[in-house]
>>> print(open('structure-v1.cif').read())   # mmCIF, C-alpha atoms
data_target
#
loop_
_atom_site.label_atom_id
_atom_site.label_comp_id
_atom_site.auth_asym_id
_atom_site.auth_seq_id
_atom_site.Cartn_x
_atom_site.Cartn_y
_atom_site.Cartn_z
CA MET A 10 0.00 0.00 0.00
CA LYS A 11 1.27 3.47 -0.87
CA LEU A 12 -1.03 5.42 1.43
CA GLY A 13 -2.81 4.71 4.69
CA PHE A 14 -5.30 6.64 6.80
CA ILE A 15 -5.92 6.27 10.51
CA GLY A 16 -9.36 7.82 10.77
CA THR A 17 -11.73 8.01 7.80
CA GLY A 18 -13.82 11.11 8.56
CA ASN A 19 -14.56 14.18 6.43
CA MET A 20 -11.00 15.44 6.08
CA ALA A 21 -9.67 11.98 5.28
CA SER A 22 -12.42 11.60 2.67
CA ALA A 23 -11.48 14.94 1.12
CA ILE A 24 -7.85 13.90 0.85
CA MET A 25 -8.73 10.47 -0.54
CA GLY A 26 -11.06 11.99 -3.10
CA GLY A 27 -8.45 14.45 -4.32
CA ILE A 28 -5.65 11.91 -4.56
CA ILE A 29 -7.77 9.27 -6.30
CA GLY A 30 -9.46 11.83 -8.55
CA LYS A 31 -6.10 13.19 -9.73
CA LYS A 32 -4.89 9.60 -10.27
CA MET A 33 -1.87 10.13 -8.04
CA ILE A 34 -2.53 6.88 -6.21
CA SER A 35 -5.12 4.29 -7.14
CA ALA A 36 -7.85 3.27 -4.71
CA GLU A 37 -6.40 -0.25 -4.62
CA GLU A 38 -3.20 1.14 -3.10
CA ILE A 39 -4.94 2.97 -0.23
CA ILE A 40 -5.99 1.52 3.12
CA GLY A 41 -8.00 3.19 5.88
CA ALA A 42 -8.56 2.25 9.51
CA ASP A 43 -11.48 3.32 11.64
CA LEU A 44 -12.95 1.83 14.82
CA PHE A 45 -16.35 3.15 13.69
CA ALA A 46 -17.60 0.49 11.26
CA PRO A 47 -20.12 2.69 9.39
CA GLY A 48 -17.37 5.28 8.80
CA ARG A 49 -14.91 2.86 7.26
CA GLU A 50 -17.60 1.10 5.22
CA LYS A 51 -18.69 4.47 3.83
CA VAL A 52 -15.25 5.27 2.40
CA LYS A 53 -14.87 1.70 1.14
CA GLU A 54 -18.09 2.05 -0.81
CA GLN A 55 -17.38 5.62 -1.94
CA PHE A 56 -13.77 5.22 -3.07
CA GLY A 57 -13.12 1.47 -3.32
CA ILE A 58 -10.21 1.52 -0.87
CA GLN A 59 -9.32 -1.28 1.52
CA VAL A 60 -10.43 -0.82 5.12
CA THR A 61 -9.68 -2.30 8.51
CA GLU A 62 -10.52 -1.72 12.16
CA LYS A 63 -6.86 -2.11 13.18
CA ASN A 64 -4.59 0.96 13.16
CA GLN A 65 -1.52 -1.28 13.31
CA GLU A 66 -2.53 -2.94 10.03
CA VAL A 67 -2.35 0.43 8.25
CA VAL A 68 1.15 1.04 9.59
CA GLU A 69 2.29 -2.45 8.66
CA LYS A 70 1.08 -2.06 5.05
CA ALA A 71 1.39 1.62 4.01
CA GLU A 72 4.40 3.69 2.97
CA VAL A 73 2.81 7.02 3.95
CA ILE A 74 0.38 7.25 6.90
CA ILE A 75 -2.00 10.14 7.53
CA LEU A 76 -3.17 10.54 11.13
CA SER A 77 -6.66 11.89 10.44
CA VAL A 78 -8.17 11.53 13.91
CA LYS A 79 -9.17 14.34 16.27
CA PRO A 80 -6.31 15.95 18.25
CA GLN A 81 -7.48 14.47 21.56
CA PHE A 82 -6.94 10.95 20.18
CA TYR A 83 -3.42 11.51 18.84
CA GLU A 84 -1.55 10.28 21.90
CA ASP A 85 -3.56 7.06 22.14
CA VAL A 86 -3.12 6.36 18.42
CA ILE A 87 0.62 7.04 18.52
CA ASN A 88 0.99 4.70 21.51
CA GLN A 89 -0.76 1.99 19.48
CA ILE A 90 1.39 2.34 16.36
CA LYS A 91 4.81 3.69 17.40
CA ASP A 92 6.46 0.29 17.72
CA CYS A 93 5.31 -0.65 14.20
CA VAL A 94 6.54 2.54 12.47
CA LYS A 95 9.64 2.00 10.35
CA LYS A 96 12.29 4.64 9.67
CA GLU A 97 11.49 4.86 5.95
CA GLN A 98 7.78 5.56 6.51
CA ILE A 99 6.33 9.07 6.43
CA ILE A 100 3.76 10.23 8.98
CA ILE A 101 1.48 13.14 8.01
CA THR A 102 -0.48 14.87 10.77
CA ILE A 103 -3.45 17.23 10.43
CA ALA A 104 -4.03 18.18 14.08
CA PRO A 105 -3.76 21.77 15.36
CA GLY A 106 -1.54 22.26 18.40
CA LYS A 107 0.44 19.02 18.00
CA THR A 108 3.96 20.30 17.39
CA LEU A 109 6.79 18.41 15.73
CA ALA A 110 8.59 18.30 19.10
CA TRP A 111 5.49 16.87 20.82
CA LEU A 112 5.06 14.27 18.08
CA ALA A 113 8.74 13.27 18.22
CA GLU A 114 8.50 12.85 21.99
CA LYS A 115 5.42 10.63 21.71
CA PHE A 116 6.96 8.42 19.03
CA GLY A 117 10.15 8.19 21.07
CA LYS A 118 12.41 7.58 18.07
CA GLU A 119 13.45 9.11 14.75
CA VAL A 120 10.37 9.32 12.55
CA LYS A 121 9.79 11.19 9.29
CA ILE A 122 6.92 13.59 10.11
CA VAL A 123 5.13 16.28 8.13
CA ARG A 124 2.86 18.50 10.15
CA THR A 125 0.02 19.92 8.04
CA MET A 126 -3.08 22.10 8.47
CA PRO A 127 -5.68 21.63 5.72
CA ASN A 128 -9.19 23.10 5.74
CA THR A 129 -12.68 21.93 4.85
CA PRO A 130 -12.82 23.46 1.31
CA ALA A 131 -10.60 20.47 0.50
CA LEU A 132 -13.93 18.65 0.27
CA VAL A 133 -14.58 20.49 -3.03
CA GLY A 134 -10.96 20.51 -4.24
CA GLU A 135 -10.33 24.10 -3.13
CA GLY A 136 -8.44 23.52 0.10
CA MET A 137 -5.61 25.62 1.54
CA THR A 138 -2.98 23.54 3.30
CA ALA A 139 0.14 24.54 5.22
CA MET A 140 2.87 21.95 5.65
CA CYS A 141 6.00 21.78 7.78
CA PRO A 142 8.42 18.81 7.52
CA ASN A 143 10.69 17.74 10.34
CA GLU A 144 14.47 17.38 10.06
CA HIS A 145 14.31 13.70 9.06
CA MET A 146 12.43 14.39 5.82
CA GLU A 147 14.50 14.39 2.60
CA LYS A 148 13.84 17.12 0.01
CA GLU A 149 12.39 14.62 -2.48
CA GLU A 150 10.08 13.20 0.20
CA THR A 151 8.84 16.67 1.10
CA GLU A 152 8.13 17.40 -2.56
CA TYR A 153 6.21 14.13 -2.86
CA VAL A 154 4.03 14.98 0.14
CA LYS A 155 3.42 18.46 -1.28
CA ARG A 156 2.20 16.95 -4.56
CA LEU A 157 -0.17 14.68 -2.63
CA LEU A 158 -1.62 17.64 -0.75
CA GLU A 159 -1.95 19.70 -3.94
CA SER A 160 -4.44 17.13 -5.23
CA PHE A 161 -7.17 18.88 -3.21
CA GLY A 162 -6.08 22.54 -3.29
CA ARG A 163 -3.22 24.96 -2.78
CA VAL A 164 -0.23 24.18 -0.54
CA GLU A 165 2.42 26.34 1.12
CA VAL A 166 5.45 25.18 3.09
CA VAL A 167 5.67 27.34 6.22
CA PRO A 168 7.93 27.49 9.30
CA GLU A 169 6.35 25.77 12.27
CA ARG A 170 6.08 29.02 14.23
CA LEU A 171 3.33 30.07 11.78
CA MET A 172 1.17 26.97 12.11
CA ASP A 173 -1.10 28.50 14.79
CA VAL A 174 -1.55 31.54 12.55
CA VAL A 175 -2.49 29.17 9.72
CA VAL A 176 -5.20 27.67 11.93
CA SER A 177 -6.81 31.10 12.30
CA VAL A 178 -6.34 32.42 8.76
CA SER A 179 -7.35 29.30 6.79
CA GLY A 180 -8.05 26.33 9.08
CA SER A 181 -10.93 27.90 11.02
CA SER A 182 -11.78 30.81 8.73
CA PRO A 183 -14.26 28.93 6.52
CA ALA A 184 -16.60 29.13 9.53
CA TYR A 185 -16.31 32.93 9.57
CA VAL A 186 -16.95 33.06 5.82
CA PHE A 187 -19.98 30.80 6.11
CA MET A 188 -21.36 33.09 8.81
CA MET A 189 -20.88 36.09 6.52
CA ILE A 190 -22.62 34.32 3.63
CA GLU A 191 -25.50 33.40 5.93
CA ALA A 192 -25.81 37.00 7.14
CA MET A 193 -25.67 38.35 3.57
CA ALA A 194 -28.40 35.92 2.55
CA ASP A 195 -30.52 36.88 5.57
CA ALA A 196 -30.33 40.52 4.53
CA ALA A 197 -31.31 39.60 0.96
CA VAL A 198 -34.27 37.59 2.26
CA SER A 199 -35.25 40.61 4.34
CA GLY A 200 -35.26 42.57 1.09
CA GLY A 201 -37.63 40.07 -0.54
CA MET A 202 -35.32 37.57 -2.26
CA PRO A 203 -36.11 33.83 -1.93
CA ARG A 204 -33.64 32.14 0.42
CA THR A 205 -32.23 29.62 -2.06
CA GLN A 206 -31.51 32.40 -4.51
CA ALA A 207 -30.07 34.59 -1.75
CA TYR A 208 -27.51 31.91 -0.81
CA GLN A 209 -26.50 31.58 -4.46
CA PHE A 210 -25.97 35.31 -4.89
CA ALA A 211 -24.06 35.65 -1.61
CA ALA A 212 -21.88 32.57 -2.07
CA GLN A 213 -20.98 33.39 -5.68
CA ALA A 214 -20.07 36.96 -4.70
CA VAL A 215 -17.65 35.63 -2.06
CA TYR A 216 -16.23 32.99 -4.41
CA GLY A 217 -15.71 35.49 -7.23
CA SER A 218 -14.16 38.07 -4.92
CA ALA A 219 -11.67 35.53 -3.56
CA LYS A 220 -10.78 34.49 -7.10
CA MET A 221 -10.08 38.13 -8.00
CA VAL A 222 -7.61 38.42 -5.10
CA LEU A 223 -5.81 35.24 -6.16
CA GLU A 224 -5.75 35.84 -9.91
CA THR A 225 -5.27 39.60 -10.29
CA ALA A 226 -2.51 39.95 -7.66
CA LYS A 227 -4.07 43.30 -6.73
CA HIS A 228 -4.18 44.41 -3.09
CA PRO A 229 -7.58 43.66 -1.50
CA GLY A 230 -7.88 47.35 -0.62
CA GLU A 231 -7.43 48.30 -4.27
CA LEU A 232 -10.11 45.81 -5.32
CA LYS A 233 -12.43 47.23 -2.65
CA ASP A 234 -11.83 50.75 -3.96
CA MET A 235 -12.77 49.62 -7.47
CA VAL A 236 -16.29 48.82 -6.19
CA CYS A 237 -16.71 52.02 -4.15
CA SER A 238 -18.05 54.78 -6.39
CA PRO A 239 -18.15 58.35 -4.96
CA ALA A 240 -21.33 58.88 -2.94
CA GLY A 241 -22.48 55.42 -4.00
CA THR A 242 -24.13 52.48 -2.32
CA THR A 243 -20.97 50.47 -1.62
CA ILE A 244 -19.02 53.17 0.20
CA GLU A 245 -22.00 53.71 2.50
CA ALA A 246 -22.10 49.99 3.24
CA VAL A 247 -18.34 50.03 3.90
CA ARG A 248 -18.73 53.04 6.19
CA THR A 249 -21.40 51.20 8.18
CA LEU A 250 -19.26 48.06 8.45
CA GLU A 251 -16.36 50.15 9.75
CA GLU A 252 -18.65 51.88 12.23
CA MET A 253 -19.79 48.45 13.49
CA GLY A 254 -16.21 47.21 13.92
CA PHE A 255 -16.26 44.71 11.03
CA ARG A 256 -12.51 44.44 10.47
CA SER A 257 -11.66 44.71 14.13
CA SER A 258 -14.04 41.89 15.07
CA ILE A 259 -12.47 39.59 12.45
CA ILE A 260 -8.96 40.37 13.67
CA GLU A 261 -9.89 39.81 17.32
CA ALA A 262 -11.67 36.53 16.53
CA MET A 263 -8.64 35.28 14.62
CA LYS A 264 -6.25 36.22 17.43
CA VAL A 265 -8.39 34.24 19.90
CA CYS A 266 -8.40 31.30 17.49
CA GLU A 267 -4.61 31.47 17.17
CA GLU A 268 -4.18 31.55 20.96
CA VAL A 269 -6.46 28.54 21.50
CA SER A 270 -4.55 26.59 18.85
CA ARG A 271 -1.26 27.45 20.53
CA ASN A 272 -2.52 26.06 23.85
CA LEU A 273 -4.07 22.82 22.59
#
>>> encode(input="structure-v1.cif", output="structure tokens")
Amino acid sequence: MKLGFIGTGNMASAIMGGIIGKKMISAEEIIGADLFAPGREKVKEQFGIQVTEKNQEVVEKAEVIILSVKPQFYEDVINQIKDCVKKEQIIITIAPGKTLAWLAEKFGKEVKIVRTMPNTPALVGEGMTAMCPNEHMEKEETEYVKRLLESFGRVEVVPERLMDVVVSVSGSSPAYVFMMIEAMADAAVSGGMPRTQAYQFAAQAVYGSAKMVLETAKHPGELKDMVCSPAGTTIEAVRTLEEMGFRSSIIEAMKVCEEVSRNL
């Protein structure tokens, strides 16, 4: 097996879907472990991968292992598998707060580890993932992992000191964006628009705006100014948002998120 998953939830499914869809690794070469039988059977049916209830079986069979369980289960899982992990295997983690030093201590030996932070838009192939390899990873191995992660979105290699910032700016931020879309749609419904249509207008406006930032390379402030005509509707909306502390509330929320991640 080329790739193994311990945990087969939403994020694991997103990663599997991207990798299989881009034909980087075939479904027959992927194995997933999950104690929750319905969860592992779901991914078996959806993707055609092999599944097991034993975490150790994944480690015994796969070259690259992704620990896709919740952070609170990491220590238990590592205790189960650490004696089976071989020096040539690569471990990919997706848990906030679990540093490379913490992971090395729990494994208790030299292990190739790549700490990553993906986000839920990976489910639709538009994820943003940060990755940080430890000192045991070779350059070619790091590049291979990066290509795997790029199968479901954009990837940036970052120093580990920025991983908690990544949690706030991309890991958790889809929740903030969803709240904004919901609020925009609520306002449109208040103005008389049917709700289904309101969500479509709001979501497409956010999607298109984000694409403009990524593809034009213009500063977000410049793009905002392009929409704000003198004495027009948009500048009045912007003025009201500023009066209500829009930008400040986002910054403060993200700083809290970063702090919580740092203390996990």
>>> residues_around(input="structure-v1.cif", residues="region 70-77 of chain A", least_positions_apart="3", cutoff="7 Å", atoms="all atoms listed in the file", output="JSON, numbers by chain")
{"A": [10, 11, 12, 13, 14, 15, 16, 17, 21, 66, 67, 98, 99, 100, 101, 102, 103]}
>>> residues_around(input="structure-v1.cif", residues="Arg170 (chain A)", least_positions_apart="2", cutoff="12 Å", atoms="all atoms listed in the file", output="list in words")
Gly106, Thr108, Leu109, Arg124, Ala139, Met140, Cys141, Val166, Val167, Pro168, Met172, Asp173, Val174, Val175, Val176, Glu267, Ser270 and Arg271 of chain A
>>> residues_around(input="structure-v1.cif", residues="Lys91 (chain A)", least_positions_apart="3", cutoff="12 Å", atoms="all atoms listed in the file", output="ChimeraX atom specification")
/A:64-65,68-69,74,83-88,94-96,98,100,112-120
>>> atom_distance(input="structure-v1.cif", atom1="CA of Ala46 (chain A)", atom2="CA of Gly30 (chain A)")
24.2 Å
>>> resolve_selection(input="structure-v1.cif", expression="the PyMOL selection byres ((chain A and resi 150) around 12)", output="MDAnalysis selection string")
chainID A and resid 72:73 97:101 121:123 142:149 151:157
>>> build_atoms(input="structure-v1.cif", residues="region 206-228 of chain A", atoms="N, CA, C and O atoms", output="PDB file, in the coordinates of the input")
ATOM      1  N   GLN A 206     -32.138  31.458  -3.590  1.00  0.00           N
ATOM      2  CA  GLN A 206     -31.510  32.400  -4.510  1.00  0.00           C
ATOM      3  C   GLN A 206     -30.543  33.322  -3.761  1.00  0.00           C
ATOM      4  O   GLN A 206     -29.459  33.651  -4.259  1.00  0.00           O
ATOM      5  N   ALA A 207     -30.931  33.707  -2.554  1.00  0.00           N
ATOM      6  CA  ALA A 207     -30.070  34.590  -1.750  1.00  0.00           C
ATOM      7  C   ALA A 207     -28.737  33.923  -1.437  1.00  0.00           C
ATOM      8  O   ALA A 207     -27.675  34.556  -1.518  1.00  0.00           O
ATOM      9  N   TYR A 208     -28.763  32.628  -1.079  1.00  0.00           N
ATOM     10  CA  TYR A 208     -27.510  31.910  -0.810  1.00  0.00           C
ATOM     11  C   TYR A 208     -26.642  31.838  -2.062  1.00  0.00           C
ATOM     12  O   TYR A 208     -25.417  31.962  -1.988  1.00  0.00           O
ATOM     13  N   GLN A 209     -27.260  31.654  -3.211  1.00  0.00           N
ATOM     14  CA  GLN A 209     -26.500  31.580  -4.460  1.00  0.00           C
ATOM     15  C   GLN A 209     -25.821  32.910  -4.773  1.00  0.00           C
ATOM     16  O   GLN A 209     -24.636  32.950  -5.121  1.00  0.00           O
ATOM     17  N   PHE A 210     -26.552  33.996  -4.634  1.00  0.00           N
ATOM     18  CA  PHE A 210     -25.970  35.310  -4.890  1.00  0.00           C
ATOM     19  C   PHE A 210     -24.830  35.603  -3.906  1.00  0.00           C
ATOM     20  O   PHE A 210     -23.759  36.074  -4.311  1.00  0.00           O
ATOM     21  N   ALA A 211     -25.063  35.340  -2.635  1.00  0.00           N
ATOM     22  CA  ALA A 211     -24.060  35.650  -1.610  1.00  0.00           C
ATOM     23  C   ALA A 211     -22.812  34.787  -1.780  1.00  0.00           C
ATOM     24  O   ALA A 211     -21.674  35.288  -1.757  1.00  0.00           O
ATOM     25  N   ALA A 212     -23.015  33.487  -1.969  1.00  0.00           N
ATOM     26  CA  ALA A 212     -21.880  32.570  -2.070  1.00  0.00           C
ATOM     27  C   ALA A 212     -21.045  32.855  -3.323  1.00  0.00           C
ATOM     28  O   ALA A 212     -19.806  32.856  -3.279  1.00  0.00           O
ATOM     29  N   GLN A 213     -21.712  33.119  -4.454  1.00  0.00           N
ATOM     30  CA  GLN A 213     -20.980  33.390  -5.680  1.00  0.00           C
ATOM     31  C   GLN A 213     -20.217  34.713  -5.590  1.00  0.00           C
ATOM     32  O   GLN A 213     -19.102  34.837  -6.122  1.00  0.00           O
ATOM     33  N   ALA A 214     -20.773  35.685  -4.881  1.00  0.00           N
ATOM     34  CA  ALA A 214     -20.070  36.960  -4.700  1.00  0.00           C
ATOM     35  C   ALA A 214     -18.782  36.761  -3.904  1.00  0.00           C
ATOM     36  O   ALA A 214     -17.728  37.327  -4.232  1.00  0.00           O
ATOM     37  N   VAL A 215     -18.848  35.920  -2.861  1.00  0.00           N
ATOM     38  CA  VAL A 215     -17.650  35.630  -2.060  1.00  0.00           C
ATOM     39  C   VAL A 215     -16.639  34.843  -2.873  1.00  0.00           C
ATOM     40  O   VAL A 215     -15.440  35.141  -2.872  1.00  0.00           O
ATOM     41  N   TYR A 216     -17.112  33.828  -3.581  1.00  0.00           N
ATOM     42  CA  TYR A 216     -16.230  32.990  -4.410  1.00  0.00           C
ATOM     43  C   TYR A 216     -15.520  33.829  -5.476  1.00  0.00           C
ATOM     44  O   TYR A 216     -14.300  33.744  -5.652  1.00  0.00           O
ATOM     45  N   GLY A 217     -16.292  34.654  -6.188  1.00  0.00           N
ATOM     46  CA  GLY A 217     -15.710  35.490  -7.230  1.00  0.00           C
ATOM     47  C   GLY A 217     -14.735  36.511  -6.692  1.00  0.00           C
ATOM     48  O   GLY A 217     -13.690  36.780  -7.301  1.00  0.00           O
ATOM     49  N   SER A 218     -15.043  37.075  -5.535  1.00  0.00           N
ATOM     50  CA  SER A 218     -14.160  38.070  -4.920  1.00  0.00           C
ATOM     51  C   SER A 218     -12.824  37.436  -4.531  1.00  0.00           C
ATOM     52  O   SER A 218     -11.748  38.006  -4.753  1.00  0.00           O
ATOM     53  N   ALA A 219     -12.894  36.236  -3.941  1.00  0.00           N
ATOM     54  CA  ALA A 219     -11.670  35.530  -3.560  1.00  0.00           C
ATOM     55  C   ALA A 219     -10.826  35.208  -4.797  1.00  0.00           C
ATOM     56  O   ALA A 219      -9.591  35.343  -4.782  1.00  0.00           O
ATOM     57  N   LYS A 220     -11.502  34.818  -5.871  1.00  0.00           N
ATOM     58  CA  LYS A 220     -10.780  34.490  -7.100  1.00  0.00           C
ATOM     59  C   LYS A 220     -10.087  35.722  -7.668  1.00  0.00           C
ATOM     60  O   LYS A 220      -8.974  35.631  -8.213  1.00  0.00           O
ATOM     61  N   MET A 221     -10.713  36.893  -7.536  1.00  0.00           N
ATOM     62  CA  MET A 221     -10.080  38.130  -8.000  1.00  0.00           C
ATOM     63  C   MET A 221      -8.794  38.419  -7.231  1.00  0.00           C
ATOM     64  O   MET A 221      -7.784  38.842  -7.806  1.00  0.00           O
ATOM     65  N   VAL A 222      -8.809  38.192  -5.917  1.00  0.00           N
ATOM     66  CA  VAL A 222      -7.610  38.420  -5.100  1.00  0.00           C
ATOM     67  C   VAL A 222      -6.493  37.495  -5.573  1.00  0.00           C
ATOM     68  O   VAL A 222      -5.336  37.911  -5.742  1.00  0.00           O
ATOM     69  N   LEU A 223      -6.825  36.220  -5.794  1.00  0.00           N
ATOM     70  CA  LEU A 223      -5.810  35.240  -6.160  1.00  0.00           C
ATOM     71  C   LEU A 223      -5.281  35.423  -7.578  1.00  0.00           C
ATOM     72  O   LEU A 223      -4.105  35.185  -7.849  1.00  0.00           O
ATOM     73  N   GLU A 224      -6.147  35.835  -8.497  1.00  0.00           N
ATOM     74  CA  GLU A 224      -5.750  35.840  -9.910  1.00  0.00           C
ATOM     75  C   GLU A 224      -5.300  37.195 -10.445  1.00  0.00           C
ATOM     76  O   GLU A 224      -4.584  37.255 -11.434  1.00  0.00           O
ATOM     77  N   THR A 225      -5.702  38.289  -9.789  1.00  0.00           N
ATOM     78  CA  THR A 225      -5.270  39.600 -10.290  1.00  0.00           C
ATOM     79  C   THR A 225      -3.991  40.090  -9.620  1.00  0.00           C
ATOM     80  O   THR A 225      -3.320  40.978 -10.138  1.00  0.00           O
ATOM     81  N   ALA A 226      -3.672  39.524  -8.450  1.00  0.00           N
ATOM     82  CA  ALA A 226      -2.510  39.950  -7.660  1.00  0.00           C
ATOM     83  C   ALA A 226      -2.638  41.394  -7.176  1.00  0.00           C
ATOM     84  O   ALA A 226      -1.664  42.011  -6.754  1.00  0.00           O
ATOM     85  N   LYS A 227      -3.841  41.951  -7.247  1.00  0.00           N
ATOM     86  CA  LYS A 227      -4.070  43.300  -6.730  1.00  0.00           C
ATOM     87  C   LYS A 227      -4.304  43.242  -5.221  1.00  0.00           C
ATOM     88  O   LYS A 227      -4.794  42.250  -4.695  1.00  0.00           O
ATOM     89  N   HIS A 228      -3.952  44.321  -4.530  1.00  0.00           N
ATOM     90  CA  HIS A 228      -4.180  44.410  -3.090  1.00  0.00           C
ATOM     91  C   HIS A 228      -5.695  44.393  -2.829  1.00  0.00           C
ATOM     92  O   HIS A 228      -6.470  45.029  -3.571  1.00  0.00           O
TER      93      HIS A 228
END
